[in-house]
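Engineer: Contents of entry21.cif (mmCIF, C-alpha atoms and all ligand atoms) are given next:
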```
data_final
loop_
_atom_site.label_atom_id
_atom_site.label_comp_id
_atom_site.auth_asym_id
_atom_site.auth_seq_id
_atom_site.Cartn_x
_atom_site.Cartn_y
_atom_site.Cartn_z
CA MET A 87 164.55 75.99 30.41
CA GLU A 88 166.53 78.21 28.03
CA ARG A 89 164.92 81.58 27.34
CA GLN A 90 163.88 82.16 23.78
CA GLN A 91 165.03 85.39 22.08
CA LEU A 92 161.90 87.48 21.45
CA ASN A 93 161.70 89.60 18.31
CA ILE A 94 158.66 91.77 18.80
CA GLY A 95 156.24 93.20 16.30
CA LEU A 96 154.42 95.92 18.21
CA PHE A 97 150.99 97.23 17.25
CA GLY A 98 150.31 100.66 18.74
CA PHE A 99 152.62 103.31 20.12
CA GLY A 100 150.28 105.20 22.43
CA CYS A 101 150.63 105.59 26.17
CA VAL A 102 151.28 101.88 26.91
CA GLY A 103 153.22 101.12 23.70
CA GLU A 104 155.68 103.90 24.40
CA GLY A 105 155.82 102.82 28.05
CA LEU A 106 156.75 99.30 26.94
CA TYR A 107 159.47 100.63 24.67
CA GLN A 108 161.05 102.46 27.60
CA VAL A 109 160.61 99.55 30.02
CA LEU A 110 162.32 97.17 27.57
CA GLU A 111 165.23 99.60 27.20
CA ARG A 112 165.75 99.33 30.94
CA THR A 113 165.38 95.53 31.14
CA PRO A 114 168.52 94.11 29.55
CA THR A 115 168.23 90.62 31.06
CA LEU A 116 165.12 89.87 29.01
CA LYS A 117 166.28 88.88 25.56
CA ALA A 118 163.65 90.90 23.71
CA SER A 119 163.77 93.66 21.16
CA ILE A 120 161.16 95.54 19.19
CA ARG A 121 161.74 95.03 15.46
CA LYS A 122 158.84 96.97 13.95
CA ILE A 123 156.00 99.11 15.22
CA CYS A 124 152.73 99.37 13.31
CA ILE A 125 150.95 102.68 13.84
CA LYS A 126 147.80 104.31 12.48
CA HIS A 127 148.96 107.95 12.25
CA PRO A 128 152.40 108.23 10.56
CA ASP A 129 152.39 112.05 10.77
CA LYS A 130 152.15 112.15 14.56
CA LYS A 131 155.37 113.33 16.23
CA ARG A 132 157.12 110.38 17.93
CA SER A 133 159.81 110.24 20.57
CA ILE A 134 161.96 107.68 18.72
CA THR A 135 163.49 107.13 15.30
CA SER A 136 161.08 106.71 12.39
CA GLU A 137 162.64 103.69 10.58
CA ILE A 138 161.03 101.35 13.04
CA PHE A 139 157.50 102.56 12.21
CA THR A 140 155.20 101.25 9.51
CA THR A 141 151.51 101.53 8.74
CA GLU A 142 151.43 98.09 7.07
CA ALA A 143 150.20 95.34 9.40
CA PRO A 144 151.30 92.51 7.06
CA SER A 145 154.92 93.67 7.25
CA LEU A 146 154.84 92.56 10.91
CA LEU A 147 152.50 89.59 10.59
CA ASN A 148 154.38 88.07 7.63
CA ASP A 149 157.91 88.85 8.82
CA PRO A 150 159.56 85.48 9.57
CA ASN A 151 162.03 87.19 11.91
CA ILE A 152 159.25 88.43 14.20
CA ASN A 153 158.25 85.68 16.63
CA VAL A 154 155.83 87.51 18.94
CA ILE A 155 153.16 90.13 18.39
CA VAL A 156 152.39 92.64 21.12
CA GLU A 157 149.01 94.23 20.56
CA LEU A 158 148.47 97.57 22.33
CA ILE A 159 145.99 99.41 20.16
CA ASP A 160 142.78 101.09 21.16
CA ASP A 161 140.19 99.74 18.73
CA SER A 162 139.06 96.36 20.05
CA GLU A 163 137.67 95.07 16.73
CA ALA A 164 140.83 96.00 14.81
CA ALA A 165 142.82 94.40 17.65
CA PHE A 166 140.90 91.14 17.25
CA VAL A 167 141.64 91.08 13.51
CA ILE A 168 145.36 91.53 14.28
CA VAL A 169 145.43 88.92 17.04
CA LYS A 170 143.58 86.37 14.92
CA ALA A 171 145.93 86.96 11.97
CA ALA A 172 148.98 86.68 14.23
CA LEU A 173 147.84 83.36 15.73
CA LEU A 174 146.99 81.96 12.30
CA ALA A 175 150.48 83.05 11.15
CA GLY A 176 151.95 80.98 14.00
CA LYS A 177 152.93 83.90 16.24
CA PRO A 178 152.04 84.07 19.95
CA VAL A 179 150.48 87.29 21.19
CA VAL A 180 150.67 89.52 24.25
CA SER A 181 147.74 91.91 24.58
CA ALA A 182 146.37 94.39 27.11
CA ASN A 183 143.04 94.76 25.34
CA LYS A 184 140.38 93.79 27.87
CA LYS A 185 137.51 94.89 25.62
CA MET A 186 138.74 92.65 22.80
CA LEU A 187 139.21 89.73 25.19
CA ALA A 188 135.81 90.12 26.83
CA GLU A 189 134.02 90.38 23.50
CA HIS A 190 135.88 87.51 21.78
CA PHE A 191 136.87 85.18 24.57
CA GLU A 192 135.54 81.91 23.18
CA GLU A 193 136.98 82.59 19.72
CA LEU A 194 140.35 83.40 21.25
CA MET A 195 140.35 80.17 23.26
CA PHE A 196 139.48 78.24 20.11
CA LEU A 197 142.17 80.00 18.06
CA GLN A 198 144.79 79.19 20.69
CA GLU A 199 143.79 75.54 20.63
CA GLN A 200 143.65 75.44 16.83
CA THR A 201 147.01 77.14 16.22
CA GLY A 202 148.94 75.99 19.28
CA CYS A 203 150.02 79.62 19.79
CA GLN A 204 149.20 81.34 23.05
CA VAL A 205 147.74 84.72 24.00
CA LEU A 206 148.89 86.21 27.32
CA TYR A 207 147.10 89.21 28.80
CA GLU A 208 148.07 89.85 32.42
CA ALA A 209 148.00 93.62 31.69
CA ALA A 210 144.31 93.45 30.80
CA CYS A 211 143.19 93.06 34.43
CA CYS A 212 144.46 95.49 37.07
CA ALA A 213 147.67 96.27 35.15
CA SER A 214 150.57 95.68 37.53
CA ILE A 215 148.79 93.22 39.88
CA PRO A 216 149.53 89.61 38.87
CA LEU A 217 145.99 88.35 39.22
CA ILE A 218 145.43 86.17 36.18
CA ARG A 219 148.47 84.01 36.76
CA ASN A 220 147.53 83.77 40.41
CA LEU A 221 144.04 82.54 39.54
CA GLU A 222 145.51 80.17 36.93
CA GLU A 223 148.23 78.66 39.08
CA TYR A 224 147.35 79.02 42.75
CA TYR A 225 143.59 78.71 42.41
CA ASP A 226 143.52 75.84 39.90
CA ASN A 227 141.26 74.04 42.37
CA ASP A 228 137.91 74.49 44.10
CA LEU A 229 139.05 76.82 46.85
CA LEU A 230 138.05 80.14 45.34
CA GLY A 231 134.75 81.46 46.67
CA GLY A 232 134.73 85.04 45.52
CA ILE A 233 136.53 87.88 43.80
CA GLU A 234 135.82 91.43 44.90
CA GLY A 235 137.70 94.57 44.11
CA ILE A 236 138.48 97.88 42.52
CA VAL A 237 139.52 97.00 38.98
CA ASN A 238 139.29 100.37 37.25
CA GLY A 239 141.90 103.00 38.08
CA SER A 240 140.17 106.00 36.48
CA THR A 241 136.96 105.66 38.43
CA ASN A 242 138.86 105.10 41.66
CA TYR A 243 140.87 108.22 40.92
CA ILE A 244 137.72 110.25 40.19
CA LEU A 245 135.86 109.14 43.34
CA ASP A 246 138.97 109.59 45.45
CA GLN A 247 139.75 113.09 44.21
CA MET A 248 136.12 114.23 44.50
CA ASP A 249 136.18 112.98 48.06
CA VAL A 250 139.65 114.09 49.19
CA ARG A 251 140.10 117.36 47.25
CA GLY A 252 136.46 118.26 46.75
CA ILE A 253 136.92 118.72 42.98
CA SER A 254 134.08 118.13 40.54
CA PHE A 255 133.48 114.90 38.67
CA ALA A 256 134.35 116.59 35.35
CA GLU A 257 137.62 117.99 36.69
CA ALA A 258 138.67 114.67 38.21
CA LEU A 259 137.88 112.91 34.92
CA ARG A 260 140.01 115.44 33.03
CA GLU A 261 142.90 114.71 35.38
CA ALA A 262 142.47 110.94 34.94
CA GLN A 263 142.60 111.46 31.18
CA ALA A 264 145.67 113.70 31.37
CA ALA A 265 147.48 111.11 33.50
CA GLY A 266 146.83 108.40 30.90
CA TYR A 267 144.54 106.35 33.16
CA ALA A 268 141.31 106.69 31.21
CA GLU A 269 140.29 104.91 28.03
CA SER A 270 140.23 107.08 24.91
CA ASN A 271 136.46 106.77 25.23
CA PRO A 272 136.13 107.46 28.98
CA ALA A 273 132.49 106.31 28.95
CA LEU A 274 133.96 102.81 29.12
CA ASP A 275 135.49 103.70 32.49
CA ILE A 276 132.79 105.80 34.12
CA GLU A 277 129.85 103.64 33.02
CA GLY A 278 131.45 100.50 34.46
CA ILE A 279 132.03 98.75 31.11
CA ASP A 280 135.80 98.46 31.49
CA ALA A 281 135.37 96.94 34.96
CA ARG A 282 132.72 94.56 33.55
CA ASN A 283 135.17 93.44 30.83
CA LYS A 284 137.89 92.80 33.41
CA LEU A 285 135.50 90.89 35.67
CA LEU A 286 134.55 88.64 32.75
CA ILE A 287 138.23 87.74 32.28
CA LEU A 288 138.77 87.14 35.99
CA ILE A 289 135.73 84.84 36.07
CA VAL A 290 137.15 82.70 33.24
CA HIS A 291 140.36 82.12 35.19
CA GLY A 292 138.78 82.02 38.64
CA PHE A 293 135.65 79.98 37.98
CA GLY A 294 136.15 78.48 34.52
CA HIS A 295 133.09 80.02 32.95
CA VAL A 296 133.15 82.15 29.81
CA LEU A 297 130.22 84.52 30.24
CA GLN A 298 128.81 86.74 27.53
CA THR A 299 129.34 90.43 28.32
CA SER A 300 125.54 90.83 28.51
CA GLN A 301 125.40 88.35 31.42
CA ILE A 302 127.27 90.63 33.82
CA PHE A 303 125.23 93.42 35.35
CA TYR A 304 127.10 96.71 35.50
CA ALA A 305 126.47 100.26 36.64
CA GLY A 306 128.94 103.13 36.63
CA ILE A 307 129.82 106.12 38.76
CA HIS A 308 128.73 108.83 36.32
CA LYS A 309 125.62 109.68 38.33
CA ILE A 310 127.34 109.68 41.72
CA GLU A 311 127.24 113.15 43.24
CA ALA A 312 129.21 114.82 46.02
CA ALA A 313 126.02 114.57 48.11
CA ASP A 314 126.10 110.77 47.83
CA GLN A 315 129.70 110.74 49.01
CA ALA A 316 128.84 113.06 51.89
CA PHE A 317 125.96 110.76 52.85
CA ALA A 318 128.32 107.76 52.77
CA LYS A 319 130.93 109.55 54.88
CA GLU A 320 128.39 110.59 57.48
CA LYS A 321 127.43 106.93 57.92
CA GLY A 322 131.05 105.68 58.07
CA TYR A 323 131.45 104.57 54.44
CA LYS A 324 133.17 105.41 51.18
CA ILE A 325 131.76 104.82 47.73
CA LYS A 326 133.93 102.66 45.46
CA LEU A 327 133.21 101.08 42.11
CA LEU A 328 133.46 97.38 42.93
CA ALA A 329 133.48 94.36 40.67
CA ARG A 330 132.29 91.17 42.35
CA ALA A 331 131.84 87.57 41.42
CA ALA A 332 131.05 85.01 44.10
CA LYS A 333 129.46 81.65 44.60
CA LEU A 334 126.21 81.56 46.56
CA ALA A 335 125.52 78.73 49.04
CA ASN A 336 123.63 76.82 46.32
CA GLY A 337 126.75 76.93 44.12
CA ASN A 338 125.33 79.50 41.69
CA LEU A 339 127.55 82.38 40.66
CA TYR A 340 126.66 86.04 40.69
CA ALA A 341 128.64 88.75 38.90
CA LEU A 342 128.11 92.48 39.36
CA VAL A 343 129.89 95.77 38.80
CA CYS A 344 128.42 98.70 40.69
CA PRO A 345 129.15 101.62 43.01
CA SER A 346 129.26 100.15 46.50
CA PHE A 347 129.54 101.31 50.09
CA VAL A 348 132.71 100.09 51.74
CA PRO A 349 133.29 100.66 55.48
CA LEU A 350 135.76 103.53 56.12
CA ASN A 351 138.01 101.23 58.17
CA SER A 352 138.16 98.51 55.48
CA ARG A 353 141.21 97.94 53.31
CA LEU A 354 139.26 98.76 50.15
CA ALA A 355 138.33 102.18 51.52
CA GLN A 356 142.03 103.02 51.91
CA VAL A 357 142.74 102.44 48.20
CA GLY A 358 143.29 105.88 46.70
CA GLU A 359 144.24 107.49 43.39
CA ALA A 360 144.43 105.10 40.43
CA TYR A 361 145.33 102.08 42.52
CA ASN A 362 143.45 98.83 42.10
CA ALA A 363 142.85 96.27 44.84
CA VAL A 364 141.30 92.85 44.79
CA ASN A 365 140.16 90.60 47.58
CA LEU A 366 140.11 86.88 46.80
CA GLN A 367 137.94 84.87 49.16
CA SER A 368 138.96 81.30 49.64
CA SER A 369 137.48 78.39 51.58
CA PHE A 370 140.32 77.86 54.02
CA SER A 371 142.65 80.84 53.83
CA GLU A 372 139.77 83.36 54.17
CA SER A 373 140.92 86.34 52.16
CA GLN A 374 143.96 87.49 50.22
CA PHE A 375 144.27 91.18 49.42
CA PHE A 376 146.16 92.37 46.32
CA LEU A 377 147.03 96.02 45.86
CA GLY A 378 148.86 97.75 43.03
CA LYS A 379 148.79 100.35 40.29
CA GLY A 380 145.95 99.49 37.96
CA ALA A 381 146.37 102.01 35.15
CA GLY A 382 148.94 104.18 33.43
CA ALA A 383 151.80 103.61 31.01
CA PHE A 384 154.43 101.97 33.22
CA PRO A 385 152.24 99.78 35.45
CA THR A 386 150.56 98.38 32.31
CA ALA A 387 153.85 98.03 30.46
CA SER A 388 155.32 96.17 33.42
CA ALA A 389 152.59 93.52 33.12
CA VAL A 390 153.24 93.26 29.36
CA LEU A 391 156.92 92.81 30.16
CA SER A 392 156.10 90.06 32.64
CA ASP A 393 154.05 88.28 29.94
CA LEU A 394 156.93 88.58 27.50
CA SER A 395 159.24 87.12 30.07
CA ALA A 396 156.80 84.23 30.72
CA LEU A 397 156.48 83.72 26.98
CA SER A 398 160.23 83.44 26.57
CA TYR A 399 159.96 80.29 28.74
CA GLY A 400 156.99 79.00 26.74
CA TYR A 401 154.35 79.80 29.38
CA ARG A 402 150.69 79.51 28.37
CA TYR A 403 147.37 79.63 30.20
CA GLU A 404 145.98 76.14 30.70
CA TYR A 405 142.35 77.20 31.33
CA ARG A 406 142.21 74.26 33.71
CA LYS A 407 138.78 75.13 35.06
CA ALA A 408 137.25 75.74 31.63
CA GLY A 409 134.01 73.93 30.98
CA GLN A 410 133.10 73.59 34.66
CA ALA A 411 129.37 73.69 35.09
CA VAL A 412 128.65 77.08 36.59
CA VAL A 413 125.09 78.33 36.86
CA LEU A 414 124.46 82.05 37.07
CA ALA A 415 122.24 83.24 39.90
CA ASN A 416 118.68 83.87 38.82
CA GLU A 417 118.06 87.63 38.58
CA ALA A 418 114.69 87.39 40.31
CA GLU A 419 116.27 85.52 43.21
CA LEU A 420 119.45 87.55 43.65
CA ILE A 421 118.54 90.07 46.33
CA LEU A 422 120.56 93.24 46.75
CA ARG A 423 120.35 95.80 49.51
CA ILE A 424 120.80 99.22 47.91
CA TYR A 425 120.66 102.93 48.54
CA TRP A 426 118.56 104.39 45.73
CA ARG A 427 118.77 108.17 45.25
CA THR A 428 115.66 109.54 43.61
CA ASN A 429 114.70 112.74 41.85
CA GLY A 430 111.16 113.36 43.06
CA ASP A 431 109.88 109.90 42.20
CA THR A 432 110.55 108.23 45.52
CA GLN A 433 107.14 106.73 46.21
CA ARG A 434 106.83 105.13 42.78
CA SER A 435 110.39 103.81 43.05
CA ALA A 436 109.58 102.15 46.36
CA LEU A 437 107.13 99.82 44.59
CA TYR A 438 110.05 97.94 43.03
CA PHE A 439 111.53 96.99 46.41
CA GLN A 440 110.60 93.80 48.21
CA ASN A 441 111.49 95.34 51.54
CA VAL A 442 111.88 99.06 52.23
CA GLU A 443 113.95 99.82 55.30
CA GLN A 444 114.10 103.58 55.10
CA VAL A 445 112.60 106.27 52.89
CA PHE A 446 113.47 109.94 52.83
CA ILE A 447 111.49 112.34 50.65
CA GLY A 448 113.07 115.77 50.23
CA GLN A 449 112.00 118.72 48.09
CA THR A 450 113.88 117.72 44.95
CA GLN A 451 115.59 114.50 45.88
CA GLY A 452 114.99 111.57 48.16
CA PHE A 453 116.33 108.15 48.87
CA ILE A 454 115.27 104.63 49.65
CA ILE A 455 117.26 101.98 51.42
CA GLY A 456 115.92 98.51 50.98
CA GLU A 457 116.04 95.11 49.38
CA ILE A 458 115.42 94.62 45.70
CA SER A 459 115.93 91.78 43.25
CA LEU A 460 118.45 92.31 40.47
CA LYS A 461 115.59 91.88 38.01
CA ASN A 462 113.63 94.77 39.57
CA LEU A 463 116.74 96.93 39.90
CA LYS A 464 117.19 96.68 36.14
CA LEU A 465 113.56 97.73 35.62
CA LEU A 466 113.93 100.57 38.10
CA GLN A 467 117.05 101.80 36.32
CA SER A 468 115.41 101.80 32.93
CA ASN A 469 112.30 103.59 34.20
CA PHE A 470 114.11 106.25 36.28
CA ARG A 471 117.24 107.04 34.32
CA GLU A 472 118.28 110.12 36.29
CA SER A 473 118.39 108.31 39.63
CA SER A 474 121.40 106.41 40.85
CA PHE A 475 122.16 103.70 43.35
CA VAL A 476 124.91 102.42 45.59
CA LEU A 477 125.07 98.79 46.66
CA VAL A 478 125.03 98.15 50.40
CA ASP A 479 125.39 94.38 50.21
CA VAL A 480 124.26 91.19 48.52
CA LEU A 481 121.86 89.04 50.48
CA GLU A 482 121.24 85.36 50.56
CA GLU A 483 118.45 84.03 52.77
CA ASN A 484 118.68 87.36 54.59
CA LYS A 485 122.36 86.88 55.38
CA THR A 486 125.18 89.02 54.10
CA VAL A 487 127.13 87.07 51.53
CA PHE A 488 130.19 89.21 51.23
CA ILE A 489 132.28 91.37 53.48
CA GLN A 490 130.00 94.33 54.17
CA ASP A 491 128.40 94.74 57.55
CA LEU A 492 124.88 95.88 58.27
CA SER A 493 125.64 98.94 60.34
CA LEU A 494 124.62 101.36 57.59
CA VAL A 495 121.03 100.29 57.82
CA GLU A 496 121.10 100.08 61.60
CA THR A 497 122.54 103.58 61.83
CA LEU A 498 119.98 105.00 59.47
CA THR A 499 116.96 103.46 61.11
CA SER A 500 118.10 104.74 64.49
CA THR A 501 118.45 108.39 63.33
N1 LIG B 1 141.14 102.79 31.79
C1 LIG B 1 141.65 101.72 32.56
C2 LIG B 1 141.52 102.06 34.02
C3 LIG B 1 143.08 101.47 32.19
O1 LIG B 1 141.28 103.23 34.33
O2 LIG B 1 141.63 101.17 34.86
C4 LIG B 1 143.67 100.22 32.79
O3 LIG B 1 142.98 99.08 32.36
#
```
Just give me the structure as structure tokens.
Ligand code: HSE
Structural biologist:
Amino acid sequence: MERQQLNIGLFGFGCVGEGLYQVLERTPTLKASIRKICIKHPDKKRSITSEIFTTEAPSLLNDPNINVIVELIDDSEAAFVIVKAALLAGKPVVSANKKMLAEHFEELMFLQEQTGCQVLYEAACCASIPLIRNLEEYYDNDLLGGIEGIVNGSTNYILDQMDVRGISFAEALREAQAAGYAESNPALDIEGIDARNKLLILIVHGFGHVLQTSQIFYAGIHKIEAADQAFAKEKGYKIKLLARAAKLANGNLYALVCPSFVPLNSRLAQVGEAYNAVNLQSSFSESQFFLGKGAGAFPTASAVLSDLSALSYGYRYEYRKAGQAVVLANEAELILRIYWRTNGDTQRSALYFQNVEQVFIGQTQGFIIGEISLKNLKLLQSNFRESSFVLVDVLEENKTVFIQDLSLVETLTST
């Protein structure tokens, strides 16, 4: 198929927008050029000539010479307005805005169907790792059993640097911001919301179900302390923020984002800095492990470039699994084994557990390791806001569902 010449209208010239500009300069084989760039702050000093900039969105959306819109702005609601207008104007869109996608997924699917114009968004999940197209093309069947991985670069960077260099959470976050990994509102990263948004997108392509954001349980790393990491290390683990979606034996799906223990000798534990890594579990091939840069200007721009290249051949997502009947696991029946760190309220916290395996009560802090339903974990979290938890594993009929092993609990009970 002949490649179409792409004349790009770009929204946003921040970290990723500028990265894309530079990547396109160095990619002459792709017939693509940026015609206009719409920005919010015209007075900000820019690295390139000013004629290309405008503050008027319609001058891109209504320009008949522009045949693709690339949306790389920060504000997810403003981004949705732009994407909707572009599709209705007959222009396909490339976006990296995971928040916009997660919050408007059904509308965006409808708009694509209604207008016949596509939206591509490989950069929205794990930046440089080609996950969405993999789920779309390779896993367009029933083989996929689970998705598990590190899908937020900033939080991986923070946990890694606290662990390896012994720096504080605040300092590591500052570094993640300076490197261009973090969202402009870093609460989205550290509270697990960005990972939740990415997991929602991966579930659409992996399992065919468009969840509401409120249906995915998430917890962040903002309450993880050096002491929790030291505890993990002593027992042979690292703490990583993992996103997981997997089918239980009864066919129901569970979806979680939370700090999790991963064995020190596992591949996920080796993932440092702002790298992302995802394990896809499949019925016959067991697991596939994807590793790559998950944040930053160039890794994200490279995924946008790949979408532009795919678009020049007319590629679109087929959403082949969409509409499959997927039932979410019941929160009262989904049993998690967790490490719950308490602040002087250990005995009352223990009441929420269905099975307590170990309790430690110290002078100011304590911990519980045990089994708890997702429903009770939510109650526990809302009643003891200062405490934090780390997932050990997910249980089904007292068996481990995913890849963790049980040695943490065995080690603890034998000490
Ligand atoms: N803030 C995001 C992260 C950027 O840290 O992963 C890439 O999506």
Engineer: Return the single residue from A:Glu234, A:Glu443, A:Glu199, A:Glu457 that is closest to Ala363 (chain A), with distances computed using all atoms listed in the file.
Structural biologist: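 Using all atoms listed in the file, the shortest distance to Ala363 (chain A) belongs to A:Glu234.
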Engineer: Mind pulling up the distance from CA of Leu173 (chain A) to CA of Asp149 (chain A)?
Structural biologist: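 Between CA of Asp149 (chain A) and CA of Leu173 (chain A) the gap is 13.4 Å.
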Engineer: Which one of A:Ile421, A:Leu437, A:Ile447, A:Ile236 sits closest to Lys461 (chain A) if you count all atoms listed in the file?
Structural biologist: A:Ile421
Engineer: In Å, with one decimal, what is the gap from CA of Asp161 (chain A) to CA of Ile289 (chain A)?
Structural biologist: 23.3 Å
Engineer: Which residue gives the smallest distance to ligand LIG 1 (chain B) among A:Leu422, A:Leu339, A:Ala281, A:Val169, with all atoms listed in the file counted?
Structural biologist: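 With all atoms listed in the file as the atom set, the closest residue is A:Ala281.
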